$ cat target_36.csv   # CSV, C-alpha atoms and all ligand atoms
chain,number,residue,atom,x,y,z
A,1,GLY,CA,139.9,107.2,-38.5
A,2,VAL,CA,142.8,105.2,-37.3
A,3,THR,CA,141.9,102.3,-34.9
A,4,ALA,CA,145.2,100.5,-34.4
A,5,ILE,CA,149.0,101.0,-34.7
A,6,ALA,CA,151.3,98.0,-34.2
A,7,ARG,CA,154.7,96.7,-35.3
A,8,ALA,CA,154.3,94.5,-38.3
A,9,ALA,CA,156.3,91.4,-38.8
A,10,ASP,CA,158.2,93.2,-41.6
A,11,GLY,CA,159.5,95.7,-39.1
A,12,ARG,CA,157.3,98.5,-40.5
A,13,LEU,CA,154.3,100.1,-38.6
A,14,ALA,CA,150.9,98.6,-39.4
A,15,VAL,CA,148.1,101.2,-39.3
A,16,THR,CA,144.5,99.9,-39.3
A,17,ASP,CA,141.6,102.1,-40.1
A,18,THR,CA,137.9,102.1,-39.1
A,19,TRP,CA,137.0,99.9,-42.1
A,20,GLY,CA,139.5,97.3,-41.1
A,21,ALA,CA,142.1,97.9,-43.8
A,22,THR,CA,145.7,97.6,-42.6
A,23,ARG,CA,148.6,99.3,-44.4
A,24,HIS,CA,152.3,99.2,-43.5
A,25,PHE,CA,154.5,102.3,-43.4
A,26,PRO,CA,158.2,102.9,-42.5
A,27,ALA,CA,157.2,105.8,-40.3
A,28,VAL,CA,154.0,107.1,-38.7
A,29,LEU,CA,153.2,110.6,-37.5
A,30,VAL,CA,150.5,110.8,-34.8
A,31,THR,CA,148.9,114.2,-34.4
A,32,CYS,CA,145.7,113.5,-32.3
A,33,GLN,CA,145.4,114.3,-28.6
A,34,SER,CA,147.6,111.8,-26.7
A,35,TRP,CA,144.7,110.4,-24.6
A,36,LEU,CA,143.3,109.0,-27.9
A,37,LEU,CA,146.3,106.6,-28.0
A,38,THR,CA,144.7,104.7,-25.1
A,39,THR,CA,141.0,105.2,-26.0
A,40,GLN,CA,140.3,105.5,-29.8
A,41,ILE,CA,143.4,103.8,-31.1
A,42,ALA,CA,144.8,100.4,-29.9
A,43,VAL,CA,148.5,101.3,-29.8
A,44,GLU,CA,150.9,98.4,-29.3
A,45,GLU,CA,152.4,99.1,-25.9
A,46,SER,CA,156.0,98.3,-26.9
A,47,LEU,CA,156.0,101.2,-29.4
A,48,PHE,CA,156.6,103.7,-26.6
A,49,SER,CA,158.7,103.5,-23.4
A,50,GLN,CA,156.9,103.4,-20.1
A,51,LYS,CA,158.2,106.8,-19.3
A,52,LEU,CA,156.7,108.2,-22.5
A,53,TRP,CA,153.4,106.4,-21.8
A,54,MET,CA,153.4,108.1,-18.4
A,55,ALA,CA,153.8,111.5,-20.1
A,56,LEU,CA,151.1,110.7,-22.7
A,57,ASP,CA,148.6,109.5,-20.0
A,58,ARG,CA,149.3,112.4,-17.5
A,59,THR,CA,148.9,115.1,-20.1
A,60,ARG,CA,146.1,117.2,-18.8
A,61,TYR,CA,143.5,118.9,-21.0
A,62,MET,CA,141.4,122.0,-20.5
A,63,GLN,CA,137.7,122.0,-21.1
A,64,SER,CA,136.2,124.5,-23.5
A,65,SER,CA,132.8,125.2,-25.0
A,66,LYS,CA,131.5,127.5,-27.7
A,67,THR,CA,127.9,128.2,-28.7
A,68,PHE,CA,127.0,129.9,-32.0
A,69,VAL,CA,123.7,131.3,-33.4
A,70,MET,CA,123.0,132.7,-36.8
A,71,VAL,CA,121.2,136.1,-36.8
A,72,ASP,CA,119.3,138.0,-39.5
A,73,ARG,CA,121.8,140.9,-39.7
A,74,PRO,CA,124.6,142.6,-37.7
A,75,PHE,CA,122.1,144.5,-35.6
A,76,TRP,CA,124.8,145.2,-33.0
A,77,LYS,CA,126.1,147.9,-35.3
A,78,ASP,CA,122.9,149.9,-35.0
A,79,VAL,CA,123.8,153.1,-33.2
A,80,ASP,CA,122.1,153.4,-29.8
A,81,PRO,CA,120.5,157.0,-29.9
A,82,ALA,CA,121.0,157.3,-26.1
A,83,THR,CA,124.7,156.7,-26.1
A,84,GLY,CA,125.8,157.3,-29.7
A,85,ARG,CA,127.6,153.9,-29.6
A,86,ASP,CA,127.0,150.6,-31.2
A,87,THR,CA,124.1,148.6,-29.6
A,88,MET,CA,126.4,145.8,-28.6
A,89,SER,CA,130.1,145.0,-29.0
A,90,MET,CA,132.5,142.1,-28.2
A,91,THR,CA,131.7,141.3,-24.6
A,92,LEU,CA,134.0,139.9,-22.0
A,93,THR,CA,132.4,139.2,-18.6
A,94,ASP,CA,132.6,137.2,-15.4
A,95,ARG,CA,129.1,136.0,-16.1
A,96,LEU,CA,128.8,132.5,-17.6
A,97,THR,CA,129.1,133.6,-21.3
A,98,ARG,CA,132.7,134.8,-20.5
A,99,GLY,CA,133.4,135.8,-24.1
A,100,THR,CA,130.8,136.9,-26.7
A,101,TYR,CA,132.1,137.5,-30.3
A,102,LEU,CA,130.3,139.1,-33.2
A,103,PHE,CA,130.9,138.1,-36.9
A,104,ASP,CA,129.4,140.1,-39.6
A,105,ASN,CA,129.4,139.4,-43.3
A,106,GLY,CA,128.3,142.8,-44.6
A,107,PRO,CA,125.4,145.1,-43.6
A,108,ASP,CA,121.9,143.5,-43.9
A,109,ARG,CA,123.4,140.1,-44.5
A,110,PRO,CA,123.0,137.1,-42.1
A,111,ALA,CA,125.6,137.2,-39.4
A,112,VAL,CA,126.9,135.0,-36.6
A,113,ILE,CA,127.2,135.5,-32.9
A,114,CYS,CA,129.4,133.3,-30.7
A,115,LEU,CA,127.3,133.7,-27.7
A,116,SER,CA,129.8,132.1,-25.4
A,117,TYR,CA,133.4,130.9,-25.6
A,118,ALA,CA,134.2,129.5,-22.2
A,119,TRP,CA,136.9,127.5,-20.5
A,120,MET,CA,137.2,125.1,-17.5
A,121,SER,CA,134.5,125.7,-14.8
A,122,ASP,CA,132.5,127.9,-17.2
A,123,ALA,CA,132.7,125.2,-19.9
A,124,LEU,CA,131.5,122.7,-17.3
A,125,LYS,CA,128.4,124.8,-16.7
A,126,MET,CA,127.4,124.3,-20.3
A,127,LEU,CA,128.6,120.6,-20.6
A,128,PRO,CA,125.4,118.8,-19.7
A,129,HIS,CA,123.0,121.1,-21.5
A,130,SER,CA,121.3,120.9,-24.9
A,131,PRO,CA,122.1,123.5,-27.6
A,132,GLU,CA,118.8,125.3,-26.9
A,133,LYS,CA,119.4,125.4,-23.1
A,134,ARG,CA,122.9,126.7,-23.7
A,135,VAL,CA,121.5,129.5,-25.9
A,136,GLN,CA,118.9,130.3,-23.2
A,137,LEU,CA,121.6,130.5,-20.5
A,138,ALA,CA,123.8,132.7,-22.6
A,139,LEU,CA,120.9,135.0,-23.6
A,140,ALA,CA,119.9,135.4,-19.9
A,141,ALA,CA,123.4,136.4,-18.9
A,142,LEU,CA,123.7,138.8,-21.8
A,143,ASN,CA,120.3,140.3,-20.9
A,144,LYS,CA,121.7,141.4,-17.6
A,145,ILE,CA,124.4,143.3,-19.5
A,146,TYR,CA,122.2,144.6,-22.4
A,147,PRO,CA,118.7,144.8,-20.8
A,148,ASP,CA,117.4,146.7,-23.8
A,149,VAL,CA,118.7,144.5,-26.6
A,150,ASP,CA,116.4,141.7,-27.8
A,151,ILE,CA,119.1,139.3,-29.2
A,152,ALA,CA,116.6,136.4,-29.5
A,153,SER,CA,114.4,138.2,-32.0
A,154,HIS,CA,117.3,138.2,-34.5
A,155,ILE,CA,118.1,134.5,-34.2
A,156,VAL,CA,117.5,132.5,-37.4
A,157,GLY,CA,118.3,128.7,-37.7
A,158,ASP,CA,119.4,126.2,-35.1
A,159,PRO,CA,122.3,126.9,-32.7
A,160,ILE,CA,125.6,125.1,-33.1
A,161,THR,CA,127.5,124.2,-30.0
A,162,ILE,CA,130.6,122.2,-29.1
A,163,SER,CA,132.2,120.9,-25.8
A,164,TRP,CA,135.6,119.6,-26.8
A,165,GLU,CA,135.8,117.4,-23.7
A,166,ALA,CA,132.6,115.6,-24.8
A,167,ASP,CA,134.0,114.9,-28.3
A,168,PRO,CA,135.4,111.3,-28.4
A,169,TYR,CA,138.0,112.4,-30.9
A,170,PHE,CA,139.4,115.2,-28.6
A,171,LEU,CA,138.5,114.5,-24.9
A,172,GLY,CA,139.6,118.1,-24.1
A,173,ALA,CA,140.2,121.3,-25.9
A,174,PHE,CA,143.9,121.8,-25.5
A,175,LYS,CA,146.7,120.8,-23.2
A,176,GLY,CA,146.9,122.7,-19.9
A,177,ALA,CA,150.1,121.5,-18.3
A,178,LEU,CA,150.1,121.4,-14.5
A,179,PRO,CA,153.1,122.3,-12.2
A,180,GLY,CA,155.5,119.4,-12.3
A,181,HIS,CA,154.5,118.5,-15.9
A,182,TYR,CA,157.7,120.0,-17.4
A,183,ARG,CA,159.3,116.5,-17.5
A,184,TYR,CA,156.3,115.0,-19.3
A,185,ASN,CA,156.3,117.9,-21.8
A,186,GLN,CA,160.0,117.5,-22.3
A,187,ARG,CA,159.7,113.7,-23.0
A,188,MET,CA,156.9,114.2,-25.6
A,189,TYR,CA,158.6,117.2,-27.2
A,190,GLY,CA,162.0,115.5,-27.5
A,191,HIS,CA,160.6,112.2,-28.7
A,192,PHE,CA,161.4,113.0,-32.3
A,193,MET,CA,165.1,112.6,-31.5
A,194,GLN,CA,165.1,108.8,-31.9
A,195,ASP,CA,168.7,107.9,-32.5
A,196,GLY,CA,169.1,106.7,-28.9
A,197,LEU,CA,165.8,104.7,-28.8
A,198,PRO,CA,165.7,100.9,-29.0
A,199,ALA,CA,164.6,99.7,-32.5
A,200,ALA,CA,161.2,98.6,-31.2
A,201,GLU,CA,160.4,102.3,-30.3
A,202,ARG,CA,161.5,103.9,-33.5
A,203,GLY,CA,159.4,105.1,-36.4
A,204,ILE,CA,156.3,106.4,-34.6
A,205,PHE,CA,156.4,110.2,-34.2
A,206,LEU,CA,154.3,112.6,-32.3
A,207,ALA,CA,153.3,116.2,-33.1
A,208,GLY,CA,150.5,118.6,-32.4
A,209,ASP,CA,149.0,120.9,-29.8
A,210,ASP,CA,149.6,118.7,-26.8
A,211,VAL,CA,153.2,117.8,-27.8
A,212,SER,CA,154.1,121.5,-27.9
A,213,PHE,CA,155.3,123.7,-25.1
A,214,THR,CA,152.7,126.4,-26.2
A,215,PRO,CA,149.4,124.5,-26.3
A,216,ALA,CA,146.3,126.3,-27.4
A,217,TRP,CA,148.4,128.2,-29.9
A,218,VAL,CA,148.6,126.6,-33.4
A,219,GLU,CA,152.2,127.8,-33.7
A,220,GLY,CA,153.3,125.1,-31.2
A,221,ALA,CA,151.5,122.4,-33.3
A,222,VAL,CA,153.3,123.6,-36.4
A,223,GLN,CA,156.6,123.7,-34.6
A,224,THR,CA,156.3,120.2,-33.3
A,225,SER,CA,155.3,119.0,-36.8
A,226,LEU,CA,158.5,120.5,-38.2
A,227,ASN,CA,160.4,118.6,-35.6
A,228,ALA,CA,158.6,115.4,-36.4
A,229,VAL,CA,159.2,115.9,-40.2
A,230,TRP,CA,162.9,116.3,-39.4
A,231,GLY,CA,162.8,113.1,-37.4
A,232,ILE,CA,161.1,111.2,-40.2
A,233,VAL,CA,163.4,112.5,-42.9
A,234,HIS,CA,166.4,111.6,-40.6
A,235,GLN,CA,165.0,108.1,-40.0
A,236,LEU,CA,164.6,107.5,-43.8
A,237,GLY,CA,168.2,108.5,-44.3
A,238,GLY,CA,167.7,112.1,-45.4
A,239,GLN,CA,169.6,115.1,-44.1
A,240,CYS,CA,169.5,118.9,-44.1
A,241,PRO,CA,171.9,121.1,-46.0
A,242,ALA,CA,175.0,121.7,-43.9
A,243,ASP,CA,174.5,125.5,-44.1
A,244,ASN,CA,170.8,125.2,-43.0
A,245,PRO,CA,170.6,122.8,-40.1
A,246,GLY,CA,167.2,121.5,-39.1
A,247,PRO,CA,165.6,121.2,-35.6
A,248,GLY,CA,167.3,117.9,-34.9
A,249,GLU,CA,170.8,119.2,-35.6
A,250,ARG,CA,170.2,122.2,-33.3
A,251,PHE,CA,168.2,120.2,-30.6
A,252,PRO,CA,171.2,119.3,-28.3
A,253,GLU,CA,172.1,123.0,-28.3
A,254,ILE,CA,168.7,124.8,-28.0
A,255,GLY,CA,166.2,122.1,-27.2
A,256,PRO,CA,164.4,122.1,-23.8
A,257,ILE,CA,166.8,120.6,-21.1
A,258,ALA,CA,166.1,117.2,-19.6
A,259,LEU,CA,165.7,117.3,-15.8
A,260,PRO,CA,167.5,114.6,-13.8
A,261,GLU,CA,165.2,111.6,-13.2
B,301,LIG,C1,138.5,126.2,-28.4
B,301,LIG,C2,139.9,126.4,-29.0
B,301,LIG,C3,140.3,127.7,-29.3
B,301,LIG,C4,141.6,127.9,-29.8
B,301,LIG,N1,142.0,129.1,-30.1
B,301,LIG,C5,143.2,129.3,-30.7
B,301,LIG,C6,143.6,130.7,-31.1
B,301,LIG,O1,142.9,131.6,-30.9
B,301,LIG,N2,144.9,130.8,-31.7
B,301,LIG,C7,145.7,129.7,-32.0
B,301,LIG,O2,146.8,129.9,-32.5
B,301,LIG,N3,145.3,128.5,-31.6
B,301,LIG,C8,144.1,128.3,-31.0
B,301,LIG,N4,143.7,127.0,-30.7
B,301,LIG,C9,144.7,125.9,-30.8
B,301,LIG,C10,144.7,125.3,-32.2
B,301,LIG,O3,143.4,125.1,-32.6
B,301,LIG,C11,145.5,124.0,-32.1
B,301,LIG,O4,146.8,124.3,-31.7
B,301,LIG,C12,145.6,123.3,-33.5
B,301,LIG,O5,144.3,123.1,-34.0
B,301,LIG,C13,146.3,122.0,-33.2
B,301,LIG,O6,146.5,121.3,-34.4
B,301,LIG,P1,146.8,119.8,-34.4
B,301,LIG,O7,147.0,119.4,-35.8
B,301,LIG,O8,147.8,119.5,-33.3
B,301,LIG,O9,145.5,119.1,-33.8
B,301,LIG,P2,143.9,119.2,-34.3
B,301,LIG,O10,143.7,120.3,-35.1
B,301,LIG,O11,143.2,119.0,-33.0
B,301,LIG,O12,143.8,117.9,-35.2
B,301,LIG,C14,143.8,116.6,-34.6
B,301,LIG,C15,142.9,115.8,-35.5
B,301,LIG,O13,143.0,114.4,-35.2
B,301,LIG,C16,141.8,113.8,-35.4
B,301,LIG,N5,141.7,112.5,-34.9
B,301,LIG,C17,141.4,112.1,-33.6
B,301,LIG,N6,141.4,110.8,-33.4
B,301,LIG,C18,141.7,110.3,-34.7
B,301,LIG,C19,141.8,108.9,-35.2
B,301,LIG,N7,141.7,107.9,-34.4
B,301,LIG,N8,142.0,108.8,-36.5
B,301,LIG,C20,142.2,109.8,-37.3
B,301,LIG,N9,142.1,111.1,-36.9
B,301,LIG,C21,141.9,111.3,-35.6
B,301,LIG,C22,140.8,114.8,-34.8
B,301,LIG,O14,139.5,114.6,-35.2
B,301,LIG,C23,141.4,116.1,-35.3
B,301,LIG,O15,140.8,116.5,-36.5
B,301,LIG,C24,142.4,126.7,-30.1
B,301,LIG,C25,142.0,125.5,-29.8
B,301,LIG,C26,140.7,125.3,-29.3
B,301,LIG,C27,140.3,123.9,-29.0
$ encode --input "target_36.csv" --output "structure tokens"
Amino acid sequence: GVTAIARAADGRLAVTDTWGATRHFPAVLVTCQSWLLTTQIAVEESLFSQKLWMALDRTRYMQSSKTFVMVDRPFWKDVDPATGRDTMSMTLTDRLTRGTYLFDNGPDRPAVICLSYAWMSDALKMLPHSPEKRVQLALAALNKIYPDVDIASHIVGDPITISWEADPYFLGAFKGALPGHYRYNQRMYGHFMQDGLPAAERGIFLAGDDVSFTPAWVEGAVQTSLNAVWGIVHQLGGQCPADNPGPGERFPEIGPIALPE
């Protein structure tokens, strides 16, 4: 992992990794969650304006958790003689599991159940608990919905679970902007347009889920990467063909508008 980003004496950006090696680059593209720039990575403060730091720090992330178990076979496809329907299907509920998803890999082959995919308050209900306890909580909730299905008897192997907010390399699942955050989004999203920035703030670029206006959808991460790539190419002296303008050429015309300060 990256542990530090600073301005080197030669004017390039110095990137230091976990093993202490430092390499210099003319441009750096940062794609981790922005809170990591003040927790995991020592970023030289002068690389961003105070207004941009405020946007990076005030970015707000949503909690999310998932809990998976492996099962012996896709037993949910067994037809329930009483109803003529599958024993179990993808299940959305207000109970704490919220979303249960079923993944099969062919009949009679081991399969996977995502017992719970939850956000926010429901993810917080899982946060302090061990994988085993999370499975027990999910099974108890599903038992109220499917009282005649013994899911536990099909489980093989150890459960796998994740809470993104508990992962030191994420600190949250994805951005969930609050009312009033448009100006922060706009600053982060528009940062790849660097011609107007002081020299000290040029060369470091941002992209990814939390830079985008459509967080939690990978499309926004890809879009912001294309913007950043344009910014880097531009900084290195490259340009787009005149008949195929890039995001930077079109930005003044179709980019998100800046609000008055
Ligand atoms: C629970 C959940 C469900 C989602 N569901 C959907 C969906 O259904 N559809 C959809 O389109 N999108 C979905 N998304 C969103 C999608 O996953 C993201 O938009 C996409 O993964 C973002 O890509 P990224 O490259 O910006 O960041 P990430 O994929 O998050 O990559 C950032 C990387 O940076 C690494 N990193 C952190 N710190 C450092 C460091 N110091 N040094 C080096 N590396 C570091 C992290 O470990 C991570 O691998 C979901 C996201 C989550 C969390």
$ closest_atom_pairs --input "target_36.csv" --of "chain A" --to "ligand LIG 301 (chain B)" --cutoff "10 Å" --atoms "all atoms listed in the file" --output "JSON lines"
{"residue": "A:Gly1", "atom": "CA", "partner": "B:LIG301", "partner_atom": "N8", "distance": 3.3}
{"residue": "A:Val2", "atom": "CA", "partner": "B:LIG301", "partner_atom": "N8", "distance": 3.8}
{"residue": "A:Thr3", "atom": "CA", "partner": "B:LIG301", "partner_atom": "N7", "distance": 5.6}
{"residue": "A:Ala4", "atom": "CA", "partner": "B:LIG301", "partner_atom": "N7", "distance": 8.2}
{"residue": "A:Thr16", "atom": "CA", "partner": "B:LIG301", "partner_atom": "N8", "distance": 9.7}
{"residue": "A:Asp17", "atom": "CA", "partner": "B:LIG301", "partner_atom": "N8", "distance": 7.6}
{"residue": "A:Thr18", "atom": "CA", "partner": "B:LIG301", "partner_atom": "N8", "distance": 8.3}
{"residue": "A:Val30", "atom": "CA", "partner": "B:LIG301", "partner_atom": "O13", "distance": 8.3}
{"residue": "A:Thr31", "atom": "CA", "partner": "B:LIG301", "partner_atom": "O8", "distance": 5.5}
{"residue": "A:Cys32", "atom": "CA", "partner": "B:LIG301", "partner_atom": "O13", "distance": 4.1}
{"residue": "A:Gln33", "atom": "CA", "partner": "B:LIG301", "partner_atom": "C14", "distance": 6.6}
{"residue": "A:Ser34", "atom": "CA", "partner": "B:LIG301", "partner_atom": "N6", "distance": 9.2}
{"residue": "A:Trp35", "atom": "CA", "partner": "B:LIG301", "partner_atom": "N6", "distance": 9.4}
{"residue": "A:Leu36", "atom": "CA", "partner": "B:LIG301", "partner_atom": "N6", "distance": 6.1}
{"residue": "A:Leu37", "atom": "CA", "partner": "B:LIG301", "partner_atom": "N7", "distance": 8.0}
{"residue": "A:Thr39", "atom": "CA", "partner": "B:LIG301", "partner_atom": "N7", "distance": 8.9}
{"residue": "A:Gln40", "atom": "CA", "partner": "B:LIG301", "partner_atom": "N7", "distance": 5.4}
{"residue": "A:Ile41", "atom": "CA", "partner": "B:LIG301", "partner_atom": "N7", "distance": 5.5}
{"residue": "A:Ala42", "atom": "CA", "partner": "B:LIG301", "partner_atom": "N7", "distance": 9.3}
{"residue": "A:Tyr61", "atom": "CA", "partner": "B:LIG301", "partner_atom": "C27", "distance": 10.0}
{"residue": "A:Met62", "atom": "CA", "partner": "B:LIG301", "partner_atom": "C27", "distance": 8.8}
{"residue": "A:Gln63", "atom": "CA", "partner": "B:LIG301", "partner_atom": "C1", "distance": 8.5}
{"residue": "A:Ser64", "atom": "CA", "partner": "B:LIG301", "partner_atom": "C1", "distance": 5.7}
{"residue": "A:Ser65", "atom": "CA", "partner": "B:LIG301", "partner_atom": "C1", "distance": 6.7}
{"residue": "A:Lys66", "atom": "CA", "partner": "B:LIG301", "partner_atom": "C1", "distance": 7.2}
{"residue": "A:Tyr117", "atom": "CA", "partner": "B:LIG301", "partner_atom": "C1", "distance": 7.5}
{"residue": "A:Ala118", "atom": "CA", "partner": "B:LIG301", "partner_atom": "C1", "distance": 8.2}
{"residue": "A:Trp119", "atom": "CA", "partner": "B:LIG301", "partner_atom": "C1", "distance": 8.2}
{"residue": "A:Ile162", "atom": "CA", "partner": "B:LIG301", "partner_atom": "C1", "distance": 8.9}
{"residue": "A:Ser163", "atom": "CA", "partner": "B:LIG301", "partner_atom": "C1", "distance": 8.6}
{"residue": "A:Trp164", "atom": "CA", "partner": "B:LIG301", "partner_atom": "C27", "distance": 6.7}
{"residue": "A:Glu165", "atom": "CA", "partner": "B:LIG301", "partner_atom": "C27", "distance": 9.5}
{"residue": "A:Asp167", "atom": "CA", "partner": "B:LIG301", "partner_atom": "O14", "distance": 8.8}
{"residue": "A:Pro168", "atom": "CA", "partner": "B:LIG301", "partner_atom": "N6", "distance": 7.8}
{"residue": "A:Tyr169", "atom": "CA", "partner": "B:LIG301", "partner_atom": "C17", "distance": 4.4}
{"residue": "A:Phe170", "atom": "CA", "partner": "B:LIG301", "partner_atom": "C17", "distance": 6.2}
{"residue": "A:Leu171", "atom": "CA", "partner": "B:LIG301", "partner_atom": "C17", "distance": 9.5}
{"residue": "A:Gly172", "atom": "CA", "partner": "B:LIG301", "partner_atom": "C27", "distance": 7.6}
{"residue": "A:Ala173", "atom": "CA", "partner": "B:LIG301", "partner_atom": "C27", "distance": 4.0}
{"residue": "A:Phe174", "atom": "CA", "partner": "B:LIG301", "partner_atom": "C27", "distance": 5.4}
{"residue": "A:Lys175", "atom": "CA", "partner": "B:LIG301", "partner_atom": "C27", "distance": 9.2}
{"residue": "A:Leu206", "atom": "CA", "partner": "B:LIG301", "partner_atom": "O8", "distance": 9.5}
{"residue": "A:Ala207", "atom": "CA", "partner": "B:LIG301", "partner_atom": "O8", "distance": 6.4}
{"residue": "A:Gly208", "atom": "CA", "partner": "B:LIG301", "partner_atom": "O8", "distance": 3.0}
{"residue": "A:Asp209", "atom": "CA", "partner": "B:LIG301", "partner_atom": "O8", "distance": 4.0}
{"residue": "A:Asp210", "atom": "CA", "partner": "B:LIG301", "partner_atom": "O8", "distance": 6.8}
{"residue": "A:Val211", "atom": "CA", "partner": "B:LIG301", "partner_atom": "O8", "distance": 7.9}
{"residue": "A:Ser212", "atom": "CA", "partner": "B:LIG301", "partner_atom": "O8", "distance": 8.5}
{"residue": "A:Thr214", "atom": "CA", "partner": "B:LIG301", "partner_atom": "O4", "distance": 8.3}
{"residue": "A:Pro215", "atom": "CA", "partner": "B:LIG301", "partner_atom": "O4", "distance": 6.0}
{"residue": "A:Ala216", "atom": "CA", "partner": "B:LIG301", "partner_atom": "C9", "distance": 3.8}
{"residue": "A:Trp217", "atom": "CA", "partner": "B:LIG301", "partner_atom": "O2", "distance": 3.5}
{"residue": "A:Val218", "atom": "CA", "partner": "B:LIG301", "partner_atom": "O4", "distance": 3.4}
{"residue": "A:Glu219", "atom": "CA", "partner": "B:LIG301", "partner_atom": "O2", "distance": 5.9}
{"residue": "A:Gly220", "atom": "CA", "partner": "B:LIG301", "partner_atom": "O4", "distance": 6.6}
{"residue": "A:Ala221", "atom": "CA", "partner": "B:LIG301", "partner_atom": "O8", "distance": 4.7}
{"residue": "A:Val222", "atom": "CA", "partner": "B:LIG301", "partner_atom": "O6", "distance": 7.5}
{"residue": "A:Gln223", "atom": "CA", "partner": "B:LIG301", "partner_atom": "O8", "distance": 9.8}
{"residue": "A:Thr224", "atom": "CA", "partner": "B:LIG301", "partner_atom": "O8", "distance": 8.5}
{"residue": "A:Ser225", "atom": "CA", "partner": "B:LIG301", "partner_atom": "O8", "distance": 8.3}
$ closest_residue --input "target_36.csv" --among "A:Lys144, A:Arg12, A:Lys125, A:Arg109" --to "Val71 of chain A" --atoms "all atoms listed in the file"
A:Arg109
$ closest_residue --input "target_36.csv" --among "A:Asp158, A:Asn143, A:Phe205, A:Thr67" --to "Ile5 of chain A" --atoms "all atoms listed in the file"
A:Phe205
$ closest_residue --input "target_36.csv" --among "A:His154, A:Arg202, A:Lys77, A:Arg183" --to "Ile257 of chain A" --atoms "only C-alpha atoms"
A:Arg183
$ atom_distance --input "target_36.csv" --atom1 "atom CA of Leu259 of chain A" --atom2 "atom CA of Gly246 of chain A"
23.7 Å
$ closest_residue --input "target_36.csv" --among "A:Asp122, A:Pro74, A:Phe25, A:Asn244" --to "Pro107 of chain A" --atoms "all atoms listed in the file"
A:Pro74
$ residues_around --input "target_36.csv" --residues "Leu115 of chain A" --least-positions-apart "3" --cutoff "7 Å" --atoms "all atoms listed in the file" --output "list in words"
Thr67, Phe68, Thr97, Thr100, Tyr101 and Ala138 of chain A
$ atom_distance --input "target_36.csv" --atom1 "atom CA of Leu124 of chain A" --atom2 "atom CA of Ala166 of chain A"
10.4 Å
$ closest_residue --input "target_36.csv" --among "A:Ala8, A:Phe48, A:Val156, A:Ile145" --to "Thr91 of chain A" --atoms "all atoms listed in the file"
A:Ile145
$ atom_distance --input "target_36.csv" --atom1 "atom CA of Gly255 of chain A" --atom2 "atom CA of His234 of chain A"
17.0 Å
$ closest_residue --input "target_36.csv" --among "A:Ser49, A:Ala55, A:Leu142, A:Asp72" --to "Gln194 of chain A" --atoms "all atoms listed in the file"
A:Ser49
$ residues_around --input "target_36.csv" --residues "Gly248 of chain A" --least-positions-apart "3" --cutoff "10 Å" --atoms "all atoms listed in the file" --output "list in words"
Gly190, Phe192, Met193, Gln194, Leu226, Asn227, Ala228, Val229, Trp230, Gly231, His234, Gln239, Cys240, Pro245, Phe251, Pro252, Glu253, Ile254 and Gly255 of chain A
